[in-house]
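Chemist: What follows is start_9.txt; its format and atoms are compact mmCIF, C-alpha atoms and all ligand atoms.
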```
# COMPACT_ATOMS: atom_id res chain seq x y z
CA MET A 1 9.17 8.52 33.56
CA ALA A 2 7.06 9.89 36.44
CA LYS A 3 5.63 12.48 34.05
CA ALA A 4 4.71 9.84 31.44
CA VAL A 5 3.14 7.55 34.04
CA SER A 6 1.02 10.30 35.59
CA PHE A 7 -0.08 11.38 32.09
CA LEU A 8 -1.35 7.82 31.42
CA GLN A 9 -3.04 7.74 34.83
CA LYS A 10 -4.80 10.99 34.00
CA GLU A 11 -5.71 10.17 30.37
CA ILE A 12 -6.66 6.52 30.85
CA GLY A 13 -6.89 5.73 34.57
CA PRO A 14 -5.76 2.47 36.16
CA PRO A 15 -3.57 0.24 33.98
CA PRO A 16 -4.94 -2.78 32.13
CA PRO A 17 -3.16 -6.03 33.07
CA VAL A 18 -1.80 -6.69 29.58
CA ALA A 19 0.16 -4.74 26.96
CA ALA A 20 0.94 -5.73 23.39
CA VAL A 21 3.80 -4.28 21.36
CA LEU A 22 3.30 -4.43 17.59
CA GLY A 23 6.48 -4.76 15.55
CA SER A 24 7.47 -3.93 11.98
CA GLY A 25 4.52 -3.92 9.63
CA LEU A 26 2.38 -5.53 12.32
CA SER A 27 0.31 -2.54 13.40
CA ALA A 28 -2.30 -3.74 10.91
CA ALA A 29 -2.95 -6.47 13.52
CA GLY A 30 -5.02 -3.81 15.26
CA ASP A 31 -7.07 -2.78 12.21
CA SER A 32 -10.16 -4.59 13.43
CA TRP A 33 -9.66 -3.93 17.16
CA GLN A 34 -12.08 -1.62 18.91
CA LYS A 35 -9.90 1.27 20.09
CA ILE A 36 -11.40 3.27 22.91
CA GLY A 37 -8.41 5.60 23.05
CA ILE A 38 -5.58 6.58 20.73
CA ILE A 39 -2.66 8.65 22.03
CA SER A 40 0.14 9.69 19.70
CA TYR A 41 3.62 9.04 21.11
CA SER A 42 4.31 12.75 20.59
CA ARG A 43 1.97 13.52 23.53
CA ILE A 44 3.78 11.23 25.99
CA ALA A 45 6.91 12.54 27.72
CA GLY A 46 10.04 10.65 26.68
CA PHE A 47 8.36 8.56 23.95
CA ARG A 48 10.32 8.87 20.70
CA LYS A 49 8.62 8.71 17.33
CA PRO A 50 9.67 5.69 15.25
CA GLY A 51 11.00 6.93 11.92
CA VAL A 52 10.75 3.82 9.78
CA ALA A 53 7.87 2.92 7.43
CA GLY A 54 5.49 0.48 9.06
CA HIS A 55 5.77 1.96 12.57
CA PRO A 56 3.00 4.50 13.27
CA GLY A 57 3.88 5.54 16.82
CA ALA A 58 0.69 5.52 18.85
CA LEU A 59 -0.57 4.02 22.08
CA TRP A 60 -3.98 2.39 21.76
CA MET A 61 -6.43 1.39 24.48
CA VAL A 62 -8.23 -1.62 23.09
CA ARG A 63 -11.48 -3.19 24.22
CA ASN A 64 -12.75 -6.55 23.10
CA GLY A 65 -15.80 -7.71 25.05
CA ASP A 66 -14.72 -7.74 28.69
CA THR A 67 -11.04 -7.62 27.84
CA CYS A 68 -9.07 -4.39 27.84
CA PHE A 69 -5.45 -4.08 26.93
CA VAL A 70 -3.01 -1.40 25.90
CA ALA A 71 -1.07 -1.63 22.66
CA LEU A 72 2.04 0.15 21.46
CA ALA A 73 1.68 0.45 17.69
CA GLY A 74 5.26 0.87 16.59
CA ARG A 75 8.57 0.79 18.37
CA CYS A 76 11.89 2.54 17.97
CA HIS A 77 14.92 0.58 16.82
CA TYR A 78 18.61 0.70 17.60
CA TYR A 79 19.39 1.03 13.87
CA GLU A 80 17.56 4.37 13.83
CA GLY A 81 20.19 5.76 16.19
CA PHE A 82 18.16 5.54 19.41
CA SER A 83 19.89 4.33 22.57
CA LEU A 84 18.61 1.17 24.23
CA PRO A 85 17.26 3.14 27.25
CA GLU A 86 15.26 5.27 24.76
CA ILE A 87 14.02 2.12 23.01
CA VAL A 88 12.84 0.40 26.22
CA PHE A 89 11.38 3.59 27.72
CA PRO A 90 7.77 2.93 26.57
CA VAL A 91 7.63 -0.57 28.09
CA ARG A 92 9.29 0.70 31.26
CA VAL A 93 6.59 3.37 31.49
CA LEU A 94 3.82 0.79 31.01
CA ALA A 95 5.38 -1.48 33.65
CA SER A 96 5.73 1.46 36.06
CA TRP A 97 2.10 2.36 35.41
CA GLY A 98 1.24 -1.18 36.57
CA VAL A 99 1.01 -3.41 33.48
CA THR A 100 2.42 -6.82 34.45
CA ARG A 101 2.10 -8.97 31.32
CA PHE A 102 3.52 -8.13 27.93
CA ILE A 103 2.92 -9.66 24.50
CA LEU A 104 5.83 -8.52 22.33
CA THR A 105 5.73 -9.09 18.57
CA ASN A 106 8.26 -8.70 15.82
CA ALA A 107 9.15 -9.60 12.27
CA ALA A 108 12.04 -12.03 11.94
CA GLY A 109 13.97 -13.97 9.34
CA ALA A 110 13.63 -17.77 9.48
CA ILE A 111 16.95 -19.56 9.99
CA ARG A 112 15.99 -23.11 11.01
CA PRO A 113 15.13 -25.34 8.06
CA GLY A 114 11.43 -26.14 8.12
CA LEU A 115 10.33 -22.80 9.59
CA GLN A 116 8.01 -21.43 6.93
CA PRO A 117 7.87 -17.73 6.08
CA GLY A 118 4.39 -16.47 6.90
CA SER A 119 4.18 -18.61 10.05
CA PHE A 120 4.47 -17.54 13.68
CA MET A 121 7.12 -18.58 16.20
CA LEU A 122 6.89 -18.28 19.96
CA ILE A 123 10.23 -17.15 21.32
CA SER A 124 11.41 -19.66 23.92
CA ASP A 125 14.80 -18.02 24.52
CA HIS A 126 17.13 -15.47 22.97
CA ILE A 127 20.72 -14.72 22.10
CA ASN A 128 21.65 -11.05 22.46
CA LEU A 129 24.17 -10.12 19.77
CA MET A 130 23.36 -6.40 19.83
CA GLY A 131 26.57 -5.65 21.68
CA ASP A 132 24.71 -3.37 24.07
CA ASN A 133 22.33 -3.66 27.01
CA PRO A 134 19.46 -1.40 28.13
CA LEU A 135 20.39 -1.94 31.78
CA ARG A 136 23.86 -0.50 31.26
CA ALA A 137 23.67 2.65 33.37
CA LEU A 138 25.36 4.37 36.25
CA PRO A 139 23.97 5.05 38.72
CA VAL A 140 21.73 1.97 38.56
CA THR A 141 18.20 2.90 37.56
CA GLY A 142 16.37 1.72 40.66
CA LEU A 143 13.84 -0.12 38.47
CA GLY A 144 14.67 -3.59 39.77
CA ASP A 145 17.50 -6.07 40.11
CA THR A 146 20.88 -4.86 38.92
CA PHE A 147 21.71 -8.38 37.70
CA PRO A 148 18.35 -9.88 36.64
CA ASP A 149 17.97 -13.61 36.07
CA LEU A 150 16.90 -14.52 32.52
CA THR A 151 16.52 -18.30 32.87
CA GLN A 152 12.68 -18.16 32.83
CA VAL A 153 12.25 -14.87 31.05
CA TYR A 154 9.92 -16.22 28.32
CA SER A 155 7.14 -17.36 30.64
CA ALA A 156 6.39 -21.06 30.15
CA SER A 157 2.83 -20.60 31.43
CA LEU A 158 2.11 -17.75 28.99
CA ARG A 159 3.55 -19.85 26.16
CA GLU A 160 1.22 -22.69 27.04
CA ILE A 161 -1.75 -20.30 26.97
CA ALA A 162 -0.56 -18.92 23.63
CA ARG A 163 -0.34 -22.42 22.16
CA ASP A 164 -3.90 -23.21 23.35
CA CYS A 165 -5.21 -19.93 21.90
CA ALA A 166 -3.43 -20.55 18.58
CA GLU A 167 -4.94 -24.01 18.37
CA SER A 168 -8.41 -22.70 19.13
CA ILE A 169 -8.21 -20.26 16.21
CA GLY A 170 -6.54 -22.78 13.91
CA LEU A 171 -3.14 -21.12 13.79
CA GLU A 172 0.13 -23.01 13.71
CA LEU A 173 2.69 -21.78 16.25
CA GLN A 174 6.32 -22.86 16.07
CA GLU A 175 8.73 -22.30 18.92
CA GLY A 176 12.38 -21.32 18.87
CA VAL A 177 15.34 -19.17 19.79
CA TYR A 178 15.57 -15.57 18.54
CA VAL A 179 18.89 -13.90 17.94
CA ALA A 180 18.91 -10.10 18.12
CA VAL A 181 21.25 -8.06 15.95
CA THR A 182 21.43 -4.30 15.46
CA GLY A 183 20.81 -4.11 11.70
CA PRO A 184 19.94 -2.12 9.71
CA ASN A 185 21.55 -4.25 7.02
CA PHE A 186 20.20 -7.76 6.66
CA GLU A 187 22.74 -10.44 7.50
CA THR A 188 25.30 -12.12 5.27
CA PRO A 189 24.78 -15.81 4.48
CA ALA A 190 27.91 -16.58 6.56
CA GLU A 191 26.42 -14.78 9.57
CA ILE A 192 23.18 -16.72 9.20
CA ARG A 193 25.11 -20.03 9.04
CA MET A 194 26.94 -18.97 12.22
CA PHE A 195 23.70 -18.00 14.02
CA GLY A 196 22.22 -21.39 13.10
CA LYS A 197 25.26 -23.15 14.58
CA LEU A 198 24.95 -21.04 17.73
CA GLY A 199 21.41 -22.33 18.25
CA ALA A 200 19.30 -19.54 16.75
CA ASP A 201 16.10 -20.34 14.86
CA ALA A 202 15.15 -16.80 13.81
CA VAL A 203 16.87 -13.42 13.55
CA GLY A 204 15.61 -9.91 14.10
CA MET A 205 16.50 -6.38 15.14
CA SER A 206 14.28 -5.76 18.17
CA THR A 207 12.44 -7.18 21.20
CA VAL A 208 15.42 -8.43 23.23
CA PRO A 209 16.15 -5.01 24.82
CA GLU A 210 12.48 -4.79 25.90
CA VAL A 211 12.58 -8.35 27.26
CA ILE A 212 15.67 -7.54 29.35
CA ALA A 213 14.13 -4.32 30.70
CA LEU A 214 10.89 -6.15 31.56
CA ALA A 215 12.77 -9.00 33.25
CA GLN A 216 14.44 -6.44 35.46
CA MET A 217 10.99 -5.10 36.38
CA ARG A 218 9.75 -8.67 37.01
CA CYS A 219 7.06 -8.59 34.35
CA GLN A 220 5.83 -11.68 32.53
CA VAL A 221 6.78 -11.77 28.87
CA LEU A 222 5.39 -13.57 25.85
CA ALA A 223 7.15 -12.89 22.56
CA ILE A 224 5.92 -13.88 19.11
CA SER A 225 7.86 -13.58 15.85
CA LEU A 226 6.19 -13.45 12.48
CA LEU A 227 8.67 -15.18 10.20
CA THR A 228 8.51 -12.78 7.28
CA ASN A 229 11.28 -14.18 5.10
CA PRO A 230 13.86 -16.93 4.75
CA ALA A 231 17.06 -15.60 6.38
CA ALA A 232 19.88 -14.52 4.05
CA GLY A 233 21.48 -17.33 2.10
CA THR A 234 18.92 -19.98 3.07
CA THR A 235 17.37 -19.48 -0.39
CA SER A 236 18.73 -17.82 -3.52
CA GLU A 237 16.46 -14.78 -3.00
CA PRO A 238 17.70 -11.46 -1.57
CA VAL A 239 16.04 -10.12 1.64
CA SER A 240 14.18 -6.81 1.49
CA HIS A 241 12.38 -4.51 3.92
CA GLU A 242 9.41 -4.37 1.49
CA GLU A 243 9.13 -8.16 1.71
CA VAL A 244 9.20 -7.93 5.53
CA LEU A 245 6.45 -5.29 5.55
CA SER A 246 4.20 -7.01 3.02
CA ALA A 247 4.47 -10.34 4.87
CA GLY A 248 3.53 -8.44 8.02
CA THR A 249 0.47 -6.92 6.40
CA ARG A 250 -0.64 -10.32 5.05
CA ALA A 251 -0.33 -12.03 8.45
CA ALA A 252 -1.48 -9.13 10.60
CA GLU A 253 -5.13 -10.09 10.76
CA LYS A 254 -4.25 -13.54 12.17
CA LEU A 255 -1.86 -11.99 14.65
CA GLY A 256 -4.56 -9.56 15.75
CA ARG A 257 -6.92 -12.44 16.49
CA LEU A 258 -4.20 -14.34 18.37
CA ILE A 259 -3.32 -11.33 20.54
CA VAL A 260 -6.97 -10.72 21.42
CA ALA A 261 -7.44 -14.40 22.30
CA ILE A 262 -4.32 -14.43 24.49
CA ALA A 263 -5.14 -11.10 26.18
CA ALA A 264 -8.55 -12.50 27.13
CA LYS A 265 -6.94 -15.50 28.82
CA ILE A 266 -4.08 -13.95 30.78
N1 LIG B 301 17.02 -10.37 9.51
C1 LIG B 301 16.95 -9.46 10.51
N2 LIG B 301 15.82 -8.88 10.88
C2 LIG B 301 14.70 -9.21 10.22
C3 LIG B 301 14.70 -10.15 9.18
C4 LIG B 301 15.93 -10.75 8.79
O1 LIG B 301 16.00 -11.59 7.88
N3 LIG B 301 13.42 -10.26 8.74
C5 LIG B 301 12.68 -9.42 9.51
N4 LIG B 301 13.45 -8.79 10.42
```
Show me this structure written as C-alpha cells.
Modeler:
Amino acid sequence: MAKAVSFLQKEIGPPPPVAAVLGSGLSAAGDSWQKIGIISYSRIAGFRKPGVAGHPGALWMVRNGDTCFVALAGRCHYYEGFSLPEIVFPVRVLASWGVTRFILTNAAGAIRPGLQPGSFMLISDHINLMGDNPLRALPVTGLGDTFPDLTQVYSASLREIARDCAESIGLELQEGVYVAVTGPNFETPAEIRMFGKLGADAVGMSTVPEVIALAQMRCQVLAISLLTNPAAGTTSEPVSHEEVLSAGTRAAEKLGRLIVAIAAKI
C-alpha cells in the first residue's frame, strides 16, 4: 500500500478531495470528461486488472473547470476469484493517499415494484449477503476501527447534495436499500422474493465491500446504482450481462454529468 500511495504522490501529487468508482459498463460515464492523466492499473502496485467485459482498469485524473477528481474506471469483483482485501485495495490506497469523499457507482437489478430500469437509485443503506468481509484479517490492518459503525455510512449530507444536483440536471433519483451478493449467476426468482421481504430494493455484486473498507477509514461515501434490469422473476424476461452492459452504456452520459455536478459541490 505504501508503494502504491507514494507512486500516486509522485505521478499526480497531492490527492484531490473526491474519488469516483465506475461500475459495470459505466466507464462510458467518463467519455466526455477531460482526463489530465490516465494510469493503467497494471502500473500501480497491488492493483489487480478486472477481467470482465465492461471494466477497463485505469485510474483517471479528471478536470472539469475548477474541479478535479480521481476516477477508478473498473473494479474487480468477488465472482472473478479475487479476495475482498484485493477488491477494496484501490479505494484503501486512495483513502490512504488522502481522498476523503467517494462516489461509488454500480449496476443493479431493480427489486422494488415501481423502480424503473434505466433510472438511478441512491443507496441509503445495504444488506451484506456476500458471506465475507474485507475487514476480516489477523492481525488487524491498522487502517482504522476494528469494529466500525455503519449506522451513518451512506452520508445523509452527500445524499442531499446528490439529490439537488440530480434535480438541477433534470435527472430522477430514487433512493433505496442495496443487497450485495457474490454472483456471478443472477438470482433465482425465489431469492429475489426473499430479498424484497428482507427490505432490499435493488441487488448487485459489488460496492458493499468498498463501503465497509471506507467506513473503517472514516471516509464519506455516496453510492449510486444504475438500475439496469428488472430483478429475476419480477418480469417474464431472463436477466443477462449484455442487458446490464447495454443499459449502462445508454445511461452513462447522464451518470457522467451527475458525477461531475456532485464532485463540484462536495
Ligand atoms: N442481480 C445482481 N447483480 C446485478 C443485477 C442483477 O439483477 N443487475 C446488475 N447487476
Chemist: Return the single residue from A:Leu198, A:Leu222, A:Ala215, A:Ala180 that is closest to ligand LIG 301 (chain B), with distances computed using all atoms listed in the file.
Modeler: A:Ala180
Chemist: Of the candidates A:Gly142, A:Gly25, A:Gly183, A:Pro50, which shows the shortest atom-to-atom distance to A:Val244, using only C-alpha atoms?
Modeler: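 With only C-alpha atoms as the atom set, the closest residue is A:Gly25.
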Chemist: Between atom CA of A:Ile192 and atom CA of A:Ile224, what is the distance, to one decimal in Å?
Modeler: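 For atom CA of A:Ile192 relative to atom CA of A:Ile224, the distance reads 20.1 Å.
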Chemist: Enumerate, in order of chain and increasing residue number, the residues of chain A with an atom no farther than 8 Å from ligand LIG 301 (chain B), each with its shortest atom pair and distance in Å to one decimal, counting all atoms listed in the file, as a Markdown table.
Modeler:
```
| residue | atom | partner | partner_atom | distance |
| --- | --- | --- | --- | --- |
| A:Ser24 | CA | B:LIG301 | N4 | 7.9 |
| A:Asn106 | CA | B:LIG301 | N4 | 7.5 |
| A:Ala107 | CA | B:LIG301 | C5 | 4.5 |
| A:Ala108 | CA | B:LIG301 | C5 | 3.6 |
| A:Gly109 | CA | B:LIG301 | O1 | 3.5 |
| A:Ala110 | CA | B:LIG301 | O1 | 6.8 |
| A:Ala180 | CA | B:LIG301 | C1 | 7.9 |
| A:Val181 | CA | B:LIG301 | C1 | 7.1 |
| A:Gly183 | CA | B:LIG301 | C1 | 6.7 |
| A:Pro184 | CA | B:LIG301 | C1 | 8.0 |
| A:Asn185 | CA | B:LIG301 | C1 | 7.8 |
| A:Phe186 | CA | B:LIG301 | N1 | 5.0 |
| A:Glu187 | CA | B:LIG301 | N1 | 6.1 |
| A:Ala202 | CA | B:LIG301 | C4 | 7.9 |
| A:Val203 | CA | B:LIG301 | C1 | 5.0 |
| A:Gly204 | CA | B:LIG301 | N2 | 3.4 |
| A:Met205 | CA | B:LIG301 | N2 | 5.0 |
| A:Leu227 | CA | B:LIG301 | N3 | 7.0 |
| A:Thr228 | CA | B:LIG301 | N3 | 5.7 |
| A:Asn229 | CA | B:LIG301 | N3 | 5.8 |
| A:Pro230 | CA | B:LIG301 | O1 | 6.5 |
| A:Ala231 | CA | B:LIG301 | O1 | 4.4 |
| A:Ala232 | CA | B:LIG301 | O1 | 6.2 |
| A:Val239 | CA | B:LIG301 | O1 | 6.4 |
| A:His241 | CA | B:LIG301 | C5 | 7.4 |
| A:Val244 | CA | B:LIG301 | C5 | 5.5 |
```
Chemist: To one decimal place in Å, what is the distance between atom CA of A:Pro209 and atom CA of A:Ala19?
Modeler: 16.1 Å
Chemist: Write out as a PyMOL selection string each polymer residue whose atoms come within 10 Å of A:Gly13, counting all atoms listed in the file; drop sequence neighbours fewer than 6 positions from it.
Modeler: chain A and resi 6-7+97
Chemist: To one decimal place, how far is atom CA of A:Lys3 from atom CA of A:Pro90 in Å?
Modeler: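 For atom CA of A:Lys3 relative to atom CA of A:Pro90, the distance reads 12.3 Å.
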Chemist: Restrict the calculation to all atoms listed in the file, then for each residue of stretch 74-113 of chain A with any atom at most 12 Å from an atom of stretch 145-161 of chain A give the closest atom pair and their distance in Å to one decimal, rows by chain and rising residue number, as a Markdown table.
Modeler:
```
| residue | atom | partner | partner_atom | distance |
| --- | --- | --- | --- | --- |
| A:Arg101 | CA | A:Leu158 | CA | 9.1 |
| A:Phe102 | CA | A:Leu158 | CA | 9.8 |
| A:Ile103 | CA | A:Leu158 | CA | 9.3 |
| A:Leu104 | CA | A:Tyr154 | CA | 10.6 |
```
Chemist: Would you save the residues from that selection as a CSV table (one decimal), in the frame of the given file, using C-alpha atoms?
Modeler:
```csv
chain,number,residue,atom,x,y,z
A,101,ARG,CA,2.1,-9.0,31.3
A,102,PHE,CA,3.5,-8.1,27.9
A,103,ILE,CA,2.9,-9.7,24.5
A,104,LEU,CA,5.8,-8.5,22.3
```
Chemist: For each of A:Leu173, A:Leu8, A:Met130, A:Leu135, take the minimum atom-to-atom distance to A:Glu86, counting only C-alpha atoms, then give the residue where this is smallest.
Modeler: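 Distance minimum relative to A:Glu86 lands on A:Leu135.
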Chemist: Nearest to A:Gln34: which of A:Glu175, A:Glu80, A:Asp66, A:Glu167 is it, counting all atoms listed in the file?
Modeler: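 Of A:Glu175, A:Glu80, A:Asp66, A:Glu167, the one nearest A:Gln34, counting all atoms listed in the file, is A:Asp66.
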